[in-house]
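Colleague: Sharing a structure with you now.
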Amino acid sequence: MPNLEDKLENLIKITKKWDKDANTEMIEKAFWFAEKKHKGQKRFSGEPYFNHVYETAKILAENRFSTKTIKAGLLHDTLEDTNTKEEEIKDLFGEDTLFIVKGITKLGKIKYRNDERYAENLRRMFTNAAEDTRVILVKFADRIHNLRTLGYHKKPEKRTRIARESLEIYARIANRLNMWHIQSELEDLSFRWIDPEEYKRIKKIIIKEKKKNKDFINQTKQEIKEVLKKNKLENFKVEGRIKNVYSLYKKLQRKNNDISKVYDILAFRIILNSEVDCYKALGIIHALNKPIPGRIKDYIANPKPNGYKSIHTTVFREKMITEFQITTHKMHDFNQYGLAAHPKYKEKELASEWFEYLKKINLASETSKEFLETIKLDVFSKDNIYALTPKGDAIELPKESTPIDFAYKVHTDLGNKCYQAIINGKIATLDSKIENNDIVSIKTKKNAQPKQKWLEFVKTSIARQSIKKWLKNNKKAENIVIGKEVLIKKMKEIIGKEIKIDEKTKEKILTKLNRKEFNTILEDVALSNIKALDIIKIIAPELFKNQVFKKQKEEKENLKITINNIKNIKSNFAKCCRPQKGDDIVGYITSMGYIQIHKKGCRKIKNKPKYRLVDIEWE
Ligand code: MN
């Protein structure tokens with residue numbers, strides 16, 4: 001184990017590799033400060049706690065982040081885990097550093113219930129990151145080192161949760177910031193914990209493919225280099241690039257687990273001096289090997305929304321279908337490290353559009369849970385599409401989004417004042433479904449207003465929340481009337497008649513829901529924040545004990561399954577095919593160990609590995 005001086009020297013060496021003029025004095029100061037503060041503390045692995053802090057800083061340095069960020073990495077756990085006072089950090093290391101360290105320090109344990117605290121912690125971190133991006137950069141490095149050492153964590157359920165959160169949230173943010181290095185490490189480290197068997201299986205495929213194609217890779221590299229030279233291109237690099245485990249896993253799922261349909265496990269990357277050289281190289285590759293029609297993607301002319309730039313083309317090469325990625329040195333650096341690729345970038349203002357959007361979600365969300373849901377639904381949904389503004393800016397939306405969703409995503413005022421949509425030059429209704437690459441233009445009117453009925457078809461939470469918020473603030477009287485109507489309608493539907501709510505019942509409802517004014521409850525019923533059914537349950541509890549609940553219970557009891565005569569197995573019904581009692585069914589073992597019940601022949605399980613499927617029958 002290297003001693004402390006060696007560690008410090010190493011950290012400074014890595015920092016200077018990317019930024020040779022870096023002022024490392026502050027890194028030194030923070031290094032010894034943190035070392036002293038964490039003295040005596042140990043991690044689950046038994047190693048000194050300071051080691052975690054050092055590794056975090058090292059990851060930051062390796063990813064070319066600035067000395068200020070590395071310094072914050074060294075200090076990141078001092079507030080939470082040692083007796084360090086905020087004042088101390090401010091005086092010794094400055095206000096900026098205090099903001100970053102505070103930004104990732106978790107909230108105290110007492111104030112919140114478990115899941116609330118979890119959501120609140122994430123919300124706070126995101127909003128801090130929107131102010132100063134370095135908060136999320138330190139969090140990335142902290143998380144990467146925690147994942148590397150996750151095996152020492154004592155509680156298995158906590159391990160899975162950390163891995164899942166890293167995959168579902170942090171890796172996707174890294175993708176948004178075009179930080180491929182960080183993204184791929186977060187993905188593979190987490191995937192290993194979430195689905196160890198699949199991880200091993202895919203890893204094996206990659207190793208096998210690499211070995212099998214070794215000669216092909218070397219020959220191709222050699223030939224491309226020669227032909228580029230012959231065509232007078234200079235200062236270029238040709239390299240092989242291999243997909244990371246998790247991205248191959250995702251691709252295989254999309255391709256029915258058919259490895260022969262994945263053409264880019266191995267791809268070739270050609271890195272050149274200028275854009276013009278890139279297009280020249282594209283021509284040269286196509287003259288050498290016949291391109292597959294429709295497989296050329298020009299992300300230089302049309303960069304991905306995260307800024308990724310490269311030209312991808314797939315060609316027939318000997319018997320192999322092969323992908324080439326053509327890019328400039330500058331673009332390549334950016335694709336690997338995001339904005340940190342530029343030596344004199346301003347990390348604090350690295351705030352991409354994406355962080356601007358985070359701020360908007362934060363304003364529109366009432367609770368932290370709502371905030372987290374919105375992020376998961378609107379930002380991280382797997383099959384998002386891109387709609388284009390008339391200027392050509394790409395707006396990311398979940399599938400089946402409507403012009404209203406588009407409008408609110410662009411700007412809250414555009415949503416609130418929207419009255420007509422034009423999709424690809426034609427007038428479209430406000431509930432039309434937007435397709436990928438549609439050009440959407442929103443017409444506004446000064447006196448236009450959000451409508452209650454929009455809530456029935458909008459897809460994004462940001463739109464839903466913005467509409468609700470507007471209605472709540474501007475349509476108080478109307479909402480009270482609507483709420484009343486909804487409640488009466490539901491009473492008639494369930495009980496068969498309207499029950500008058502007297503003062504005593506009102507009191508009861510107010511107490512139960514912890515409210516002061518009955519009208520605010522009616523408003524929330526109108527905005528479907530409170531279910532009418534829940535109010536009726538308070539008004540006439542006796543009705544539910546005997547009828548409705550009993551019926552629900554019966555239904556549940558009927559829907560039990562057995563495996564080889566073993567009863568009462570933990571299971572749930574797949575939402576994709578919604579099997580009913582009597583259907584032919586099959587069980588899928590989820591990574592959480594549940595049996596998910598699918599209809600036989602359901603599309604969703606077609607691609608799943610055989611060993612995870614199990615025969616089940618109705619009890
Ligand atoms: Mn930490």
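A note on labels: chains of the structure tokens are A, B, ... as shown, every chain counts residues from 1, and ligands are counted from 1 in their shown order.
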Taking only C-alpha atoms and all ligand atoms into account, report as a list in words which residues have an atom no farther than 7 Å from an atom of ligand 1.
Modeller: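 The residues near ligand 1 are His52, Val53, His76, Asp77 and Asp142 of chain A.
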Colleague: Quick one: which segment 238-306 of chain A residues come within 10 Å of segment 393-402 of chain A, and what is the nearest atom pair for each with the distance in Å to one decimal, counting only C-alpha atoms, rows ordered by chain and ascending number, as a tab-separated table?
Modeller:
```
residue	atom	partner	partner_atom	distance
A:Asn302	CA	A:Ala394	CA	9.7
A:Pro303	CA	A:Ala394	CA	9.7
A:Lys304	CA	A:Ala394	CA	8.6
A:Pro305	CA	A:Ala394	CA	6.5
```
Colleague: Write out as a PyMOL selection string all residues of segment 417-474 of chain A that DSSP puts in strand (DSSP E) for this structure's backbone.
Modeller: chain A and resi 418-423+426-428+440-444
Colleague: At a cut-off of 9 Å, can you tabulate as JSON lines every residue of segment 113-141 of chain A near segment 56-69 of chain A together with its closest atom pair and the distance in Å to one decimal, using only C-alpha atoms and ordering rows by chain then number?
Modeller:
```
{"residue": "A:Arg134", "atom": "CA", "partner": "A:Thr69", "partner_atom": "CA", "distance": 6.2}
{"residue": "A:Val135", "atom": "CA", "partner": "A:Thr69", "partner_atom": "CA", "distance": 8.5}
{"residue": "A:Leu137", "atom": "CA", "partner": "A:Leu60", "partner_atom": "CA", "distance": 7.5}
{"residue": "A:Val138", "atom": "CA", "partner": "A:Thr69", "partner_atom": "CA", "distance": 6.9}
{"residue": "A:Lys139", "atom": "CA", "partner": "A:Thr56", "partner_atom": "CA", "distance": 8.9}
{"residue": "A:Phe140", "atom": "CA", "partner": "A:Leu60", "partner_atom": "CA", "distance": 8.6}
{"residue": "A:Ala141", "atom": "CA", "partner": "A:Thr56", "partner_atom": "CA", "distance": 5.1}
```
Colleague: Taking 4 positions as the minimum chain separation for residues in the same chain, which residues sit within 7 Å of Asn607 of chain A when counting only C-alpha atoms? Answer as number ranges by chain.
Modeller: A: 253, 256-257
Colleague: Please give the complete set of residues from segment 478-534 of chain A that DSSP, run on the backbone, assigns to alpha helix (DSSP H), formatted as a PyMOL selection string.
Modeller: chain A and resi 478-494+503-513+518-526+532-534
Colleague: Using only C-alpha atoms, which residue out of A:Glu165, A:Asp524, A:Asp6, A:Glu185 lies closest to Gln336 of chain A?
Modeller: A:Glu185
Colleague: Let me make sure I understand: among A:Leu228, A:Leu272, A:Leu377, A:Ala130, which one has the smallest atom-to-atom distance to His329 of chain A if we use only C-alpha atoms?
Modeller: A:Leu272
Colleague: Env of Ala34 of chain A: 9 Å cut, atoms = only C-alpha atoms, seq-sep filter 4 positions within chain, self excluded. Answer as a list in words.
Modeller: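 Result of the neighbour search: Lys29, Ala30, His38, Lys39, Phe50, Val53, Leu74, Leu75, His76, Asp77 and Thr78 of chain A.
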Colleague: Measuring atom to atom with only C-alpha atoms, identify which of A:Lys20, A:Ser466, A:Asn273, A:Trp618 is nearest to Leu363 of chain A.
Modeller: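 The shortest atom-to-atom distance to Leu363 of chain A comes from A:Ser466.
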Colleague: Counting only C-alpha atoms, which residue out of A:Gln465, A:Lys102, A:Lys476, A:Thr82 sits closest to Thr367 of chain A?
Modeller: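 Looking only at the distances to Thr367 of chain A, the closest residue turns out to be A:Gln465.
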